[in-house]
Amino acid sequence: MSYPASLIAYAFVKKGINEGKFVTQMKLQKLVYFAHGHHLIKYGTPLIKENFQAWLYGPVIPEIYDDFKLYGSRPITDTSSWLPSETDKAPYLFDEAATDSINYTWEVLKDISAMSLSNWTHQPNSPWSKVYDPDKRSTPINNDDIKLYFEGLLIKK
């Protein structure tokens with residue numbers, strides 16, 4: 001099952017708040033990207049419904065950007081301004097596979113800086129680097145490329 005990216009992002013924001021490890025907009029985008037890549041290789045299906053786009057600082061889901069843009073580059077310290085769409089109402093229950101991908105990603109990346117994660121997404125031959133064009137903000141990143149890239153990074157558990 002795949003989910004709206006904003007719900008996955010919300011789960012990471014809540015983890016950050018609960019553990020006092022607040023995430024920024026940039027880090028949030030990379031957490032969702034990594035969780036999506038992990039999910040693609042471990043479960044063979046997309047974690048999120050939307051496609052990532054190649055923006056200047058790496059893979060981005062525009063809806064996540066819109067949801068949390070009021071924070072700019074500051075840490076996201078509360079969720080009171082986040083309003084889910086009608087189709088994304090509580091209780092925000094994830095299946096076991098989604099929960100695993102979220103928890104795995106959080107444990108691996110929670111202490112890594114947003115800039116380090118952004119630099120990682122910019123590596124040569126990364127899915128982002130294959131399609132990024134500074135003159136086009138919305139170039140989609142193919143899930144097959146993301147899956148192939150993550151297969152080289154992660155061992156299936």
# chains A, B, ... in the order shown; residues from 1 in each chain; ligands from 1
call {"tool": "residues_around", "arguments": {"residues": "A:Leu117", "least_positions_apart": "5", "cutoff": "12 Å", "atoms": "only C-alpha atoms", "output": "PyMOL selection string"}}
result
chain A and resi 24+26-34+57-59+108-112+122-123
call {"tool": "write_last_selection", "arguments": {"atoms": "C-alpha atoms", "output": "mmCIF file, in the first residue's frame"}}
result
data_model
loop_
_atom_site.group_PDB
_atom_site.id
_atom_site.type_symbol
_atom_site.label_atom_id
_atom_site.label_comp_id
_atom_site.auth_asym_id
_atom_site.auth_seq_id
_atom_site.Cartn_x
_atom_site.Cartn_y
_atom_site.Cartn_z
ATOM 1 C CA THR A 24 14.018 20.843 8.922
ATOM 2 C CA MET A 26 15.270 19.798 3.795
ATOM 3 C CA LYS A 27 15.884 16.892 6.155
ATOM 4 C CA LEU A 28 12.217 15.944 6.020
ATOM 5 C CA GLN A 29 12.353 15.636 2.229
ATOM 6 C CA LYS A 30 15.424 13.392 2.465
ATOM 7 C CA LEU A 31 13.876 11.204 5.188
ATOM 8 C CA VAL A 32 10.827 10.568 3.019
ATOM 9 C CA TYR A 33 13.081 9.900 0.010
ATOM 10 C CA PHE A 34 15.194 7.375 1.905
ATOM 11 C CA TYR A 57 18.740 20.678 -3.136
ATOM 12 C CA GLY A 58 17.763 17.169 -4.198
ATOM 13 C CA PRO A 59 14.601 15.087 -4.475
ATOM 14 C CA VAL A 108 19.570 5.297 10.370
ATOM 15 C CA LEU A 109 19.267 9.021 9.570
ATOM 16 C CA LYS A 110 18.011 10.881 12.638
ATOM 17 C CA ASP A 111 21.498 12.076 13.620
ATOM 18 C CA ILE A 112 22.691 12.987 10.106
ATOM 19 C CA HIS A 122 23.702 14.786 -5.339
ATOM 20 C CA GLN A 123 26.253 11.992 -5.826
#
call {"tool": "residues_around", "arguments": {"residues": "stretch 129-146 of chain A", "least_positions_apart": "4", "cutoff": "12 Å", "atoms": "only C-alpha atoms", "output": "PDB file with N, CA and C atoms, in the first residue's frame"}}
result
ATOM      1  N   TYR A  33      12.415  10.495   1.171  1.00  0.00           N
ATOM      2  CA  TYR A  33      13.081   9.900   0.010  1.00  0.00           C
ATOM      3  C   TYR A  33      13.758   8.579   0.381  1.00  0.00           C
ATOM      4  N   PHE A  34      14.499   8.585   1.467  1.00  0.00           N
ATOM      5  CA  PHE A  34      15.194   7.375   1.905  1.00  0.00           C
ATOM      6  C   PHE A  34      14.198   6.280   2.278  1.00  0.00           C
ATOM      7  N   ALA A  35      13.158   6.642   3.013  1.00  0.00           N
ATOM      8  CA  ALA A  35      12.133   5.658   3.394  1.00  0.00           C
ATOM      9  C   ALA A  35      11.483   5.060   2.143  1.00  0.00           C
ATOM     10  N   HIS A  36      11.232   5.897   1.163  1.00  0.00           N
ATOM     11  CA  HIS A  36      10.639   5.443  -0.096  1.00  0.00           C
ATOM     12  C   HIS A  36      11.583   4.466  -0.810  1.00  0.00           C
ATOM     13  N   GLY A  37      12.874   4.803  -0.868  1.00  0.00           N
ATOM     14  CA  GLY A  37      13.856   3.922  -1.490  1.00  0.00           C
ATOM     15  C   GLY A  37      13.976   2.599  -0.754  1.00  0.00           C
ATOM     16  N   HIS A  38      14.014   2.660   0.562  1.00  0.00           N
ATOM     17  CA  HIS A  38      14.063   1.446   1.380  1.00  0.00           C
ATOM     18  C   HIS A  38      12.846   0.571   1.103  1.00  0.00           C
ATOM     19  N   HIS A  39      11.693   1.193   1.052  1.00  0.00           N
ATOM     20  CA  HIS A  39      10.442   0.462   0.842  1.00  0.00           C
ATOM     21  C   HIS A  39      10.417  -0.186  -0.539  1.00  0.00           C
ATOM     22  N   LEU A  40      10.913   0.523  -1.544  1.00  0.00           N
ATOM     23  CA  LEU A  40      10.954  -0.027  -2.898  1.00  0.00           C
ATOM     24  C   LEU A  40      11.783  -1.302  -2.971  1.00  0.00           C
ATOM     25  N   ILE A  41      12.937  -1.323  -2.290  1.00  0.00           N
ATOM     26  CA  ILE A  41      13.763  -2.527  -2.407  1.00  0.00           C
ATOM     27  C   ILE A  41      13.319  -3.636  -1.463  1.00  0.00           C
ATOM     28  N   GLY A  44       9.146  -3.991  -2.613  1.00  0.00           N
ATOM     29  CA  GLY A  44       8.843  -4.029  -4.039  1.00  0.00           C
ATOM     30  C   GLY A  44       7.732  -3.106  -4.489  1.00  0.00           C
ATOM     31  N   THR A  45       7.278  -2.233  -3.601  1.00  0.00           N
ATOM     32  CA  THR A  45       6.211  -1.292  -3.935  1.00  0.00           C
ATOM     33  C   THR A  45       6.580   0.101  -3.430  1.00  0.00           C
ATOM     34  N   PRO A  46       6.013   1.137  -4.033  1.00  0.00           N
ATOM     35  CA  PRO A  46       6.272   2.503  -3.549  1.00  0.00           C
ATOM     36  C   PRO A  46       5.657   2.740  -2.170  1.00  0.00           C
ATOM     37  N   LEU A  47       6.357   3.492  -1.350  1.00  0.00           N
ATOM     38  CA  LEU A  47       5.823   3.899  -0.051  1.00  0.00           C
ATOM     39  C   LEU A  47       4.852   5.058  -0.220  1.00  0.00           C
ATOM     40  N   ILE A  48       5.182   5.950  -1.144  1.00  0.00           N
ATOM     41  CA  ILE A  48       4.349   7.139  -1.338  1.00  0.00           C
ATOM     42  C   ILE A  48       3.701   7.112  -2.714  1.00  0.00           C
ATOM     43  N   LYS A  49       2.583   7.830  -2.815  1.00  0.00           N
ATOM     44  CA  LYS A  49       1.821   7.872  -4.066  1.00  0.00           C
ATOM     45  C   LYS A  49       2.423   8.833  -5.085  1.00  0.00           C
ATOM     46  N   GLU A  50       3.018   9.918  -4.624  1.00  0.00           N
ATOM     47  CA  GLU A  50       3.526  10.957  -5.508  1.00  0.00           C
ATOM     48  C   GLU A  50       4.903  10.582  -6.059  1.00  0.00           C
ATOM     49  N   ASN A  51       5.327  11.312  -7.078  1.00  0.00           N
ATOM     50  CA  ASN A  51       6.680  11.165  -7.622  1.00  0.00           C
ATOM     51  C   ASN A  51       7.564  12.265  -7.073  1.00  0.00           C
ATOM     52  N   PHE A  52       8.792  11.901  -6.737  1.00  0.00           N
ATOM     53  CA  PHE A  52       9.767  12.915  -6.359  1.00  0.00           C
ATOM     54  C   PHE A  52      10.125  13.731  -7.585  1.00  0.00           C
ATOM     55  N   GLN A  53      10.496  14.983  -7.341  1.00  0.00           N
ATOM     56  CA  GLN A  53      10.943  15.873  -8.398  1.00  0.00           C
ATOM     57  C   GLN A  53      12.366  16.315  -8.087  1.00  0.00           C
ATOM     58  N   ALA A  54      13.145  16.571  -9.141  1.00  0.00           N
ATOM     59  CA  ALA A  54      14.534  16.990  -8.991  1.00  0.00           C
ATOM     60  C   ALA A  54      14.587  18.517  -8.832  1.00  0.00           C
ATOM     61  N   TRP A  55      14.784  18.968  -7.598  1.00  0.00           N
ATOM     62  CA  TRP A  55      14.941  20.389  -7.301  1.00  0.00           C
ATOM     63  C   TRP A  55      16.410  20.649  -6.970  1.00  0.00           C
ATOM     64  N   LEU A  56      16.757  21.899  -6.786  1.00  0.00           N
ATOM     65  CA  LEU A  56      18.143  22.296  -6.549  1.00  0.00           C
ATOM     66  C   LEU A  56      18.803  21.504  -5.418  1.00  0.00           C
ATOM     67  N   TYR A  57      18.128  21.343  -4.290  1.00  0.00           N
ATOM     68  CA  TYR A  57      18.740  20.678  -3.136  1.00  0.00           C
ATOM     69  C   TYR A  57      18.416  19.200  -3.059  1.00  0.00           C
ATOM     70  N   GLY A  58      17.988  18.607  -4.164  1.00  0.00           N
ATOM     71  CA  GLY A  58      17.763  17.169  -4.198  1.00  0.00           C
ATOM     72  C   GLY A  58      16.316  16.819  -4.484  1.00  0.00           C
ATOM     73  N   PRO A  59      15.963  15.562  -4.231  1.00  0.00           N
ATOM     74  CA  PRO A  59      14.601  15.087  -4.475  1.00  0.00           C
ATOM     75  C   PRO A  59      13.594  15.774  -3.544  1.00  0.00           C
ATOM     76  N   VAL A  60      12.488  16.217  -4.112  1.00  0.00           N
ATOM     77  CA  VAL A  60      11.474  16.957  -3.360  1.00  0.00           C
ATOM     78  C   VAL A  60      10.077  16.478  -3.747  1.00  0.00           C
ATOM     79  N   ILE A  61       9.222  16.409  -2.755  1.00  0.00           N
ATOM     80  CA  ILE A  61       7.792  16.221  -2.978  1.00  0.00           C
ATOM     81  C   ILE A  61       7.159  17.587  -2.733  1.00  0.00           C
ATOM     82  N   PRO A  62       6.610  18.227  -3.768  1.00  0.00           N
ATOM     83  CA  PRO A  62       6.062  19.580  -3.601  1.00  0.00           C
ATOM     84  C   PRO A  62       5.020  19.697  -2.485  1.00  0.00           C
ATOM     85  N   SER A 118      21.488  16.016   1.799  1.00  0.00           N
ATOM     86  CA  SER A 118      21.338  16.663   0.498  1.00  0.00           C
ATOM     87  C   SER A 118      22.543  16.358  -0.386  1.00  0.00           C
ATOM     88  N   ASN A 119      23.747  16.450   0.190  1.00  0.00           N
ATOM     89  CA  ASN A 119      24.955  16.140  -0.576  1.00  0.00           C
ATOM     90  C   ASN A 119      24.934  14.694  -1.056  1.00  0.00           C
ATOM     91  N   TRP A 120      24.442  13.787  -0.220  1.00  0.00           N
ATOM     92  CA  TRP A 120      24.349  12.382  -0.594  1.00  0.00           C
ATOM     93  C   TRP A 120      23.445  12.209  -1.816  1.00  0.00           C
ATOM     94  N   THR A 121      22.332  12.937  -1.871  1.00  0.00           N
ATOM     95  CA  THR A 121      21.419  12.793  -3.007  1.00  0.00           C
ATOM     96  C   THR A 121      22.012  13.348  -4.301  1.00  0.00           C
ATOM     97  N   HIS A 122      23.068  14.165  -4.179  1.00  0.00           N
ATOM     98  CA  HIS A 122      23.702  14.786  -5.339  1.00  0.00           C
ATOM     99  C   HIS A 122      24.871  13.965  -5.906  1.00  0.00           C
ATOM    100  N   GLN A 123      25.134  12.812  -5.359  1.00  0.00           N
ATOM    101  CA  GLN A 123      26.253  11.992  -5.826  1.00  0.00           C
ATOM    102  C   GLN A 123      26.103  11.668  -7.315  1.00  0.00           C
ATOM    103  N   PRO A 124      27.230  11.510  -8.011  1.00  0.00           N
ATOM    104  CA  PRO A 124      27.156  11.119  -9.427  1.00  0.00           C
ATOM    105  C   PRO A 124      26.375   9.810  -9.583  1.00  0.00           C
ATOM    106  N   ASN A 125      25.588   9.743 -10.607  1.00  0.00           N
ATOM    107  CA  ASN A 125      24.757   8.579 -10.935  1.00  0.00           C
ATOM    108  C   ASN A 125      23.591   8.352  -9.977  1.00  0.00           C
ATOM    109  N   PHE A 150      18.940   2.422  -4.693  1.00  0.00           N
ATOM    110  CA  PHE A 150      18.902   1.938  -3.312  1.00  0.00           C
ATOM    111  C   PHE A 150      19.315   0.473  -3.211  1.00  0.00           C
ATOM    112  N   GLU A 151      19.117  -0.293  -4.252  1.00  0.00           N
ATOM    113  CA  GLU A 151      19.605  -1.682  -4.237  1.00  0.00           C
ATOM    114  C   GLU A 151      21.109  -1.720  -4.087  1.00  0.00           C
ATOM    115  N   GLY A 152      21.781  -0.710  -4.603  1.00  0.00           N
ATOM    116  CA  GLY A 152      23.236  -0.629  -4.450  1.00  0.00           C
ATOM    117  C   GLY A 152      23.676  -0.131  -3.096  1.00  0.00           C
ATOM    118  N   LEU A 153      22.765   0.480  -2.342  1.00  0.00           N
ATOM    119  CA  LEU A 153      23.091   1.045  -1.032  1.00  0.00           C
ATOM    120  C   LEU A 153      22.692   0.155   0.136  1.00  0.00           C
ATOM    121  N   LEU A 154      21.544  -0.466   0.019  1.00  0.00           N
ATOM    122  CA  LEU A 154      20.972  -1.196   1.144  1.00  0.00           C
ATOM    123  C   LEU A 154      20.898  -2.685   0.869  1.00  0.00           C
TER     124      LEU A 154
END
call {"tool": "closest_residue", "arguments": {"among": "A:Phe68, A:Trp106, A:Tyr149, A:Tyr43", "to": "A:Lys21", "atoms": "only C-alpha atoms"}}
result
A:Trp106
call {"tool": "closest_residue", "arguments": {"among": "A:Ser101, A:Val23, A:Pro127, A:Ser6", "to": "A:Tyr71", "atoms": "only C-alpha atoms"}}
result
A:Val23
call {"tool": "closest_residue", "arguments": {"among": "A:Leu70, A:Ala97, A:Met115, A:Ile102", "to": "A:Ile8", "atoms": "only C-alpha atoms"}}
result
A:Ile102
call {"tool": "select_by_dssp", "arguments": {"residues": "stretch 52-149 of chain A", "states": "strand (DSSP E)", "output": "ChimeraX atom specification"}}
result
/A:53-55,58-60,139-140
call {"tool": "closest_residue", "arguments": {"among": "A:Lys42, A:Ser113, A:Ser126, A:Glu96", "to": "A:Pro75", "atoms": "only C-alpha atoms"}}
result
A:Ser113
